[in-house]
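What follows is the content of work-v6.cif (mmCIF, C-alpha atoms and all ligand atoms).
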```cif
data_work
loop_
_atom_site.label_atom_id
_atom_site.label_comp_id
_atom_site.auth_asym_id
_atom_site.auth_seq_id
_atom_site.Cartn_x
_atom_site.Cartn_y
_atom_site.Cartn_z
CA MET A 1 106.34 70.62 91.71
CA ASN A 2 109.56 71.11 93.68
CA PRO A 3 111.06 67.83 94.85
CA ARG A 4 111.10 67.04 98.54
CA HIS A 5 114.70 66.87 99.82
CA PHE A 6 116.27 65.37 102.94
CA THR A 7 119.39 67.47 103.44
CA SER A 8 118.80 67.75 107.20
CA LEU A 9 116.49 66.24 109.81
CA LEU A 10 114.88 69.66 110.00
CA ASP A 11 113.53 69.12 106.49
CA LEU A 12 110.98 66.95 108.31
CA SER A 13 108.24 68.09 110.64
CA SER A 14 107.87 66.30 113.93
CA GLU A 15 104.81 64.43 112.54
CA GLU A 16 106.73 63.37 109.45
CA PHE A 17 109.62 62.07 111.56
CA HIS A 18 107.16 59.96 113.59
CA PHE A 19 105.49 58.80 110.38
CA ILE A 20 108.82 57.58 108.93
CA ILE A 21 109.71 55.74 112.16
CA ASN A 22 106.33 53.97 112.25
CA ARG A 23 106.46 53.13 108.56
CA ALA A 24 109.99 51.73 108.97
CA ILE A 25 108.72 49.42 111.74
CA GLU A 26 105.90 48.26 109.46
CA LEU A 27 108.24 47.64 106.53
CA LYS A 28 110.67 45.78 108.79
CA ASN A 29 108.06 43.50 110.34
CA ASN A 30 105.97 42.75 107.24
CA ARG A 31 108.36 42.43 104.35
CA ASP A 32 106.45 41.68 101.15
CA PRO A 33 108.75 40.86 98.23
CA ASP A 34 105.93 41.74 95.83
CA TYR A 35 105.76 45.30 97.15
CA GLN A 36 107.97 47.09 94.63
CA PRO A 37 107.01 50.76 94.69
CA LEU A 38 110.28 51.86 93.07
CA LYS A 39 110.28 49.42 90.17
CA GLY A 40 112.32 50.85 87.31
CA ARG A 41 113.58 53.77 89.38
CA LEU A 42 117.19 54.65 90.04
CA LEU A 43 119.04 56.15 93.00
CA ALA A 44 122.43 57.76 92.25
CA MET A 45 124.75 57.56 95.26
CA ILE A 46 127.70 59.95 95.23
CA PHE A 47 130.28 59.00 97.85
CA GLU A 48 133.16 61.41 98.40
CA LYS A 49 133.96 59.56 101.64
CA SER A 50 134.08 55.90 102.65
CA SER A 51 131.00 53.96 103.71
CA THR A 52 129.86 50.47 104.57
CA ARG A 53 126.41 50.86 106.15
CA THR A 54 125.09 53.81 104.16
CA ARG A 55 126.01 52.36 100.79
CA ILE A 56 124.76 48.84 101.47
CA SER A 57 121.53 49.95 103.13
CA PHE A 58 120.58 52.26 100.25
CA GLU A 59 121.50 49.64 97.64
CA THR A 60 119.55 46.93 99.42
CA GLY A 61 116.60 49.23 100.06
CA MET A 62 116.35 50.11 96.37
CA ALA A 63 116.65 46.41 95.43
CA HIS A 64 113.87 45.43 97.89
CA PHE A 65 111.66 48.07 96.31
CA GLY A 66 112.33 46.85 92.77
CA GLY A 67 114.66 49.70 91.82
CA ASN A 68 118.38 50.11 91.36
CA ALA A 69 121.18 52.14 92.87
CA THR A 70 124.32 53.29 91.14
CA PHE A 71 127.53 54.10 93.03
CA LEU A 72 129.49 57.14 91.89
CA SER A 73 132.84 58.18 93.30
CA PRO A 74 134.59 61.47 92.52
CA ARG A 75 137.44 59.43 91.07
CA ASP A 76 135.23 58.18 88.27
CA THR A 77 133.01 61.18 87.56
CA GLN A 78 133.59 64.68 86.21
CA LEU A 79 132.57 66.01 89.64
CA GLY A 80 135.99 64.87 90.82
CA ARG A 81 137.57 66.94 88.03
CA GLY A 82 135.76 70.09 89.05
CA GLU A 83 132.54 70.08 86.99
CA PRO A 84 130.34 72.69 88.73
CA LEU A 85 127.87 71.34 91.27
CA GLN A 86 124.95 73.10 89.60
CA ASP A 87 125.68 71.47 86.24
CA SER A 88 126.24 68.06 87.83
CA ALA A 89 122.98 68.32 89.80
CA LYS A 90 120.99 69.28 86.70
CA VAL A 91 122.50 66.55 84.54
CA ILE A 92 122.37 63.71 87.08
CA SER A 93 118.84 64.59 88.20
CA SER A 94 117.64 64.61 84.59
CA MET A 95 118.40 60.88 84.40
CA VAL A 96 117.76 59.42 87.86
CA ASP A 97 114.91 59.52 90.39
CA CYS A 98 116.81 60.36 93.55
CA ILE A 99 120.35 61.42 94.52
CA MET A 100 122.21 60.58 97.74
CA LEU A 101 125.38 62.48 98.55
CA ARG A 102 128.08 61.84 101.15
CA THR A 103 130.57 64.67 101.20
CA ASP A 104 132.53 67.11 103.40
CA LYS A 105 130.81 70.43 103.00
CA HIS A 106 127.15 70.65 103.94
CA GLU A 107 126.74 73.38 101.28
CA THR A 108 127.56 70.82 98.60
CA VAL A 109 124.39 68.94 99.53
CA THR A 110 122.24 72.07 99.79
CA THR A 111 123.59 73.41 96.46
CA PHE A 112 122.87 70.07 94.84
CA ALA A 113 119.34 70.16 96.21
CA LEU A 114 118.81 73.67 94.87
CA HIS A 115 119.62 72.60 91.33
CA SER A 116 118.25 69.05 91.33
CA SER A 117 114.88 68.18 89.82
CA VAL A 118 114.67 65.04 92.03
CA PRO A 119 114.95 64.51 95.81
CA VAL A 120 118.45 64.88 97.30
CA ILE A 121 119.39 62.93 100.44
CA ASN A 122 122.22 63.86 102.80
CA GLY A 123 124.22 60.66 103.36
CA LEU A 124 126.57 62.50 105.79
CA THR A 125 128.37 65.82 105.74
CA ASP A 126 130.84 67.33 108.18
CA GLN A 127 127.85 69.03 109.81
CA GLU A 128 125.06 66.45 109.89
CA HIS A 129 124.21 62.77 109.51
CA PRO A 130 120.40 62.76 109.39
CA CYS A 131 119.94 59.23 107.93
CA GLN A 132 121.72 57.80 110.97
CA LEU A 133 119.29 59.59 113.26
CA LEU A 134 116.32 57.99 111.48
CA ALA A 135 117.86 54.60 112.35
CA ASP A 136 118.84 55.56 115.91
CA MET A 137 115.38 56.86 116.72
CA LEU A 138 113.74 53.86 115.06
CA THR A 139 115.89 51.65 117.29
CA TYR A 140 114.92 53.56 120.44
CA PHE A 141 111.19 53.44 119.58
CA GLU A 142 111.42 49.70 118.86
CA CYS A 143 113.23 48.91 122.10
CA ARG A 144 111.64 51.37 124.50
CA GLY A 145 108.70 53.21 122.88
CA ASP A 146 108.37 56.97 122.47
CA ILE A 147 111.48 59.02 123.30
CA LYS A 148 109.44 62.13 124.17
CA GLY A 149 110.43 63.43 127.60
CA LYS A 150 113.42 61.07 127.87
CA THR A 151 117.05 62.04 128.40
CA VAL A 152 119.82 61.23 125.97
CA ALA A 153 123.48 61.68 126.94
CA TRP A 154 125.88 62.57 124.13
CA ILE A 155 129.46 62.07 125.28
CA GLY A 156 132.39 62.96 123.05
CA ASP A 157 132.80 65.08 119.96
CA GLY A 158 130.27 67.80 119.09
CA ASN A 159 130.38 66.52 115.51
CA ASN A 160 127.96 65.75 112.67
CA MET A 161 126.23 63.03 114.73
CA CYS A 162 125.91 65.27 117.77
CA GLN A 163 124.44 68.07 115.64
CA SER A 164 121.86 65.71 114.15
CA TYR A 165 121.04 64.52 117.69
CA ILE A 166 120.31 68.16 118.53
CA HIS A 167 117.82 68.24 115.65
CA ALA A 168 116.25 64.98 116.81
CA ALA A 169 115.83 66.40 120.32
CA MET A 170 113.99 69.39 118.84
CA LEU A 171 111.68 67.28 116.66
CA LEU A 172 110.98 64.40 119.05
CA ASP A 173 110.96 66.44 122.23
CA PHE A 174 113.67 64.84 124.37
CA THR A 175 116.45 66.38 126.41
CA LEU A 176 120.00 66.07 125.13
CA ASN A 177 122.73 66.21 127.77
CA ILE A 178 126.05 66.96 126.08
CA ALA A 179 129.55 66.50 127.52
CA CYS A 180 132.34 67.52 125.10
CA PRO A 181 135.92 68.61 125.80
CA ASN A 182 136.52 72.36 125.54
CA GLY A 183 136.81 73.43 121.93
CA TYR A 184 134.94 70.41 120.58
CA GLU A 185 131.38 71.56 121.24
CA PRO A 186 128.69 71.53 118.53
CA HIS A 187 128.33 74.72 116.48
CA PRO A 188 126.57 77.49 118.48
CA GLU A 189 123.88 77.90 115.80
CA TYR A 190 122.68 74.33 116.40
CA VAL A 191 122.73 74.81 120.16
CA LYS A 192 120.90 78.13 120.01
CA ALA A 193 118.12 76.73 117.82
CA ALA A 194 117.49 73.90 120.29
CA GLY A 195 116.89 76.16 123.31
CA GLU A 196 116.11 74.19 126.47
CA ARG A 197 116.26 70.82 124.68
CA VAL A 198 120.09 70.89 125.02
CA ARG A 199 122.09 71.04 128.27
CA PHE A 200 125.87 71.08 128.66
CA PHE A 201 127.87 69.32 131.37
CA ASN A 202 131.55 69.51 132.24
CA SER A 203 131.74 65.90 133.25
CA PRO A 204 130.53 62.89 131.23
CA LEU A 205 129.37 61.27 134.47
CA GLU A 206 127.03 64.18 135.21
CA ALA A 207 125.73 64.18 131.64
CA ALA A 208 124.88 60.48 131.93
CA GLN A 209 122.97 60.89 135.21
CA ASN A 210 119.53 59.28 134.78
CA ALA A 211 119.94 59.08 131.01
CA ASP A 212 117.73 56.70 129.02
CA LEU A 213 120.18 56.45 126.14
CA CYS A 214 123.95 57.00 126.05
CA VAL A 215 125.55 57.73 122.69
CA THR A 216 129.03 58.45 121.41
CA ASP A 217 131.00 58.48 118.18
CA VAL A 218 134.64 58.32 117.11
CA TRP A 219 137.00 60.98 118.42
CA ALA A 220 138.37 61.72 114.95
CA SER A 221 135.83 61.71 112.12
CA MET A 222 136.59 61.10 108.45
CA GLY A 223 138.84 63.91 107.25
CA GLN A 224 140.30 64.53 110.73
CA GLU A 225 142.90 61.76 110.60
CA GLU A 226 145.76 64.25 111.08
CA GLU A 227 144.25 65.46 114.37
CA LYS A 228 144.06 61.91 115.76
CA LYS A 229 146.89 62.23 118.32
CA GLN A 230 145.77 65.62 119.57
CA ARG A 231 142.18 64.40 119.83
CA GLU A 232 143.19 61.29 121.78
CA ILE A 233 144.59 63.60 124.45
CA ALA A 234 141.62 65.97 124.45
CA PHE A 235 139.04 63.15 124.63
CA LYS A 236 140.74 60.75 127.03
CA ASP A 237 138.22 61.45 129.83
CA TYR A 238 135.25 61.24 127.47
CA GLN A 239 134.94 57.50 127.09
CA ILE A 240 131.66 55.66 127.63
CA ASN A 241 132.52 52.91 130.13
CA ALA A 242 130.80 50.91 132.85
CA ALA A 243 130.84 53.86 135.29
CA ILE A 244 129.02 56.06 132.77
CA MET A 245 126.42 53.36 132.09
CA LYS A 246 125.98 52.92 135.84
CA ALA A 247 125.17 56.62 136.23
CA ALA A 248 122.43 56.26 133.60
CA HIS A 249 119.10 54.52 134.24
CA ASN A 250 119.34 50.74 134.72
CA ASP A 251 117.55 50.10 131.45
CA ALA A 252 119.50 52.73 129.48
CA LEU A 253 120.53 51.77 125.95
CA PHE A 254 123.92 52.36 124.37
CA MET A 255 124.21 53.43 120.71
CA HIS A 256 127.06 54.19 118.32
CA CYS A 257 126.64 54.85 114.60
CA LEU A 258 129.72 52.69 113.84
CA PRO A 259 132.45 52.17 112.88
CA ALA A 260 133.67 52.21 116.51
CA HIS A 261 137.10 52.13 118.10
CA ARG A 262 136.96 49.68 121.00
CA GLY A 263 138.94 50.99 123.95
CA GLU A 264 138.82 54.62 122.77
CA GLU A 265 135.42 56.35 122.81
CA VAL A 266 133.79 53.24 124.30
CA THR A 267 135.02 50.21 126.21
CA VAL A 268 134.64 46.68 124.84
CA GLU A 269 132.51 45.91 127.90
CA VAL A 270 129.91 48.53 126.95
CA LEU A 271 130.04 48.22 123.16
CA ASP A 272 129.60 44.46 123.28
CA GLY A 273 127.56 44.45 126.49
CA PRO A 274 123.86 43.81 127.18
CA GLN A 275 122.77 47.46 126.96
CA SER A 276 124.34 47.97 123.55
CA VAL A 277 121.99 47.91 120.55
CA ILE A 278 124.61 48.78 117.92
CA PHE A 279 123.82 45.95 115.52
CA ALA A 280 120.06 46.54 115.58
CA GLU A 281 120.89 50.20 115.03
CA ALA A 282 123.06 49.35 112.01
CA GLU A 283 120.42 47.03 110.50
CA ASN A 284 117.81 49.71 111.03
CA ARG A 285 119.63 51.94 108.54
CA LEU A 286 118.03 49.71 105.90
CA HIS A 287 114.48 49.88 107.25
CA ALA A 288 114.60 53.60 108.03
CA GLN A 289 115.94 54.46 104.60
CA LYS A 290 113.31 52.34 102.86
CA ALA A 291 110.70 54.38 104.71
CA LEU A 292 112.53 57.57 103.74
CA LEU A 293 112.77 56.61 100.05
CA GLU A 294 109.08 55.74 99.99
CA PHE A 295 108.26 59.03 101.74
CA LEU A 296 110.30 61.11 99.28
CA LEU A 297 109.47 59.26 96.08
CA CYS A 298 106.03 57.67 96.41
CA ARG A 299 103.82 60.20 98.14
CA LYS A 300 100.96 61.44 95.97
N1 LIG B 401 127.19 54.86 110.34
C1 LIG B 401 127.53 55.02 109.05
O1 LIG B 401 127.13 55.97 108.38
O2 LIG B 401 128.32 54.04 108.57
P1 LIG B 401 129.08 54.03 107.18
O3 LIG B 401 130.15 55.11 107.25
O4 LIG B 401 129.67 52.66 107.09
O5 LIG B 401 128.12 54.32 106.07
N1 LIG B 402 131.39 61.23 112.77
C1 LIG B 402 131.72 60.15 111.88
C2 LIG B 402 130.50 59.38 111.52
C3 LIG B 402 130.77 58.18 110.63
C4 LIG B 402 129.52 57.44 110.23
C5 LIG B 402 132.41 60.70 110.64
O1 LIG B 402 131.97 61.72 110.13
O2 LIG B 402 133.40 60.11 110.22
#
```
As structure tokens, the full file:
Amino acid sequence: MNPRHFTSLLDLSSEEFHFIINRAIELKNNRDPDYQPLKGRLLAMIFEKSSTRTRISFETGMAHFGGNATFLSPRDTQLGRGEPLQDSAKVISSMVDCIMLRTDKHETVTTFALHSSVPVINGLTDQEHPCQLLADMLTYFECRGDIKGKTVAWIGDGNNMCQSYIHAAMLLDFTLNIACPNGYEPHPEYVKAAGERVRFFNSPLEAAQNADLCVTDVWASMGQEEEKKQREIAFKDYQINAAIMKAAHNDALFMHCLPAHRGEEVTVEVLDGPQSVIFAEAENRLHAQKALLEFLLCRK
């Protein structure tokens, strides 16, 4: 049987996305140390970029489930010396039960999945960050209930997070209002696929009007460090601040995948304010990924 991969949120149906959210809530609220469905099983985690949350949440999740996780960096493996992806995928998957990859090119993850005999998980690419969306949506459902029919304002870069938010809007049936500076919009293919679920606004204030959730991310993602100065200029009017939160609904939540830059994409007042759920969101990476691992590895 072909393994079930998670290279993109769109690898899930809408029902499956809901199932994972509900299961994550169950796992979070009723932790049973004797429940070890992944005893003796191993997750290989290949990180070609830095990580705090993704690495720790996967390692902890595997440990809770009785399994193990091994951290691989390109510096220490033959992948970093140019061993072909196909060969690496075949070899690694012959010895482990699941592979998580964080890398630049999305095609690296899809190529790995094509040649792997075990499930492959996208731990972030330049195009998408689907694991983060499992946690963000889990956080919204926990705090406010179903997100169907709600409005989410994405303010800032049309980056990997924004593109995964587009997928979430399609699967969970909410409207995504996007305000990005010219030239920093999400890729047209993502926008086209989402149809009426996505709306663009020239001003962040308009995008935030009546929003139920306001979200942003860093102005310069990993790998874009050289563009930092130029991006600071382009994004200077795209900060989430008190005025933006005021335009949103009174009970709107604020989310950020972290790490954040206080005073750049978001003010201290908002990031550390009462509407911010950033630390619940970060913790939920653990619970959402446990539900994902169980979904990919334990279904009959
Ligand atoms: N949000 C997120 O993916 O964090 P890390 O880069 O620390 O894994
Ligand atoms: N957009 C950010 C997300 C980090 C979790 C990046 O790719 O660096």
Handout entry: Polymer residues at most 12 Å from A:Glu16, all atoms listed in the file, same-chain spacing of 2 or more positions, as a PyMOL selection string
Key = chain A and resi 6+9-14+18-23+134+171-172+291-292+295-296
Go ahead and write the selection's residues with C-alpha atoms as a tab-separated table (two decimals), in the frame of the given file.
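Dumped to result_3.tsv:
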```tsv
chain	number	residue	atom	x	y	z
A	6	PHE	CA	116.27	65.37	102.94
A	9	LEU	CA	116.49	66.24	109.81
A	10	LEU	CA	114.88	69.66	110.00
A	11	ASP	CA	113.53	69.12	106.49
A	12	LEU	CA	110.98	66.95	108.31
A	13	SER	CA	108.24	68.09	110.64
A	14	SER	CA	107.87	66.30	113.93
A	18	HIS	CA	107.16	59.96	113.59
A	19	PHE	CA	105.49	58.80	110.38
A	20	ILE	CA	108.82	57.58	108.93
A	21	ILE	CA	109.71	55.74	112.16
A	22	ASN	CA	106.33	53.97	112.25
A	23	ARG	CA	106.46	53.13	108.56
A	134	LEU	CA	116.32	57.99	111.48
A	171	LEU	CA	111.68	67.28	116.66
A	172	LEU	CA	110.98	64.40	119.05
A	291	ALA	CA	110.70	54.38	104.71
A	292	LEU	CA	112.53	57.57	103.74
A	295	PHE	CA	108.26	59.03	101.74
A	296	LEU	CA	110.30	61.11	99.28
```
Exercise for the section: Record the distance separating atom CA of A:Ser203 and atom CA of A:Thr267, expressed in Å with one decimal. Expected result: 17.5 Å
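Taking atom CA of A:Thr70 and atom CA of A:Ala44 as endpoints, the distance between them is 5.0 Å.
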Residues near A:Gly123, cut-off 8 Å, only C-alpha atoms, skip fewer than 6 positions along chain, as an mmCIF file with C-alpha atoms, in the coordinates of the input:
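out_34.cif written:
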```cif
data_model
loop_
_atom_site.group_PDB
_atom_site.id
_atom_site.type_symbol
_atom_site.label_atom_id
_atom_site.label_comp_id
_atom_site.auth_asym_id
_atom_site.auth_seq_id
_atom_site.Cartn_x
_atom_site.Cartn_y
_atom_site.Cartn_z
ATOM 1 C CA THR A 54 125.090 53.810 104.160
ATOM 2 C CA MET A 100 122.210 60.580 97.740
ATOM 3 C CA LEU A 101 125.380 62.480 98.550
ATOM 4 C CA ARG A 102 128.080 61.840 101.150
ATOM 5 C CA THR A 103 130.570 64.670 101.200
ATOM 6 C CA HIS A 129 124.210 62.770 109.510
ATOM 7 C CA PRO A 130 120.400 62.760 109.390
ATOM 8 C CA CYS A 131 119.940 59.230 107.930
#
```
What are the closest atom pairs, with distances in Å to one decimal, for each residue of chain A lying within 10 Å of ligand LIG 401 (chain B), using all atoms listed in the file, rows by chain and rising residue number, as CSV?
```
residue,atom,partner,partner_atom,distance
A:Phe47,CA,B:LIG401,O5,9.7
A:Lys49,CA,B:LIG401,O3,8.1
A:Ser50,CA,B:LIG401,O3,6.1
A:Ser51,CA,B:LIG401,O5,3.7
A:Thr52,CA,B:LIG401,O4,3.3
A:Arg53,CA,B:LIG401,O4,3.8
A:Thr54,CA,B:LIG401,O5,3.6
A:Arg55,CA,B:LIG401,O5,6.0
A:Ile56,CA,B:LIG401,O5,7.9
A:Ser57,CA,B:LIG401,O5,8.4
A:Phe58,CA,B:LIG401,O5,9.7
A:Arg102,CA,B:LIG401,O5,9.0
A:Gly123,CA,B:LIG401,O1,7.5
A:Leu124,CA,B:LIG401,O1,7.0
A:His129,CA,B:LIG401,O1,7.5
A:Pro130,CA,B:LIG401,O1,9.6
A:Cys131,CA,B:LIG401,O1,7.9
A:Gln132,CA,B:LIG401,N1,6.2
A:Leu133,CA,B:LIG401,N1,9.7
A:Ala135,CA,B:LIG401,N1,9.5
A:Met161,CA,B:LIG401,N1,9.3
A:Asp217,CA,B:LIG401,N1,9.4
A:Ser221,CA,B:LIG401,O3,10.0
A:Met222,CA,B:LIG401,O3,8.9
A:His256,CA,B:LIG401,N1,8.0
A:Cys257,CA,B:LIG401,N1,4.3
A:Leu258,CA,B:LIG401,N1,4.8
A:Pro259,CA,B:LIG401,O2,6.3
A:Ala260,CA,B:LIG401,N1,9.3
A:Glu281,CA,B:LIG401,N1,9.1
A:Ala282,CA,B:LIG401,N1,7.1
A:Arg285,CA,B:LIG401,N1,8.3
```
Exercise for the section: Skip A:Glu196 itself and residues of its chain fewer than 5 positions away, then list as a PyMOL selection string all residues within 12 Å of it, counting all atoms listed in the file. Expected result: chain A and resi 166+169-170+173-177+191
Handout entry: Atom-to-atom span, atom CA of A:Ser164 and atom CA of A:Ile121, Å
Key =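 Computing it gives 14.2 Å between the two atoms.
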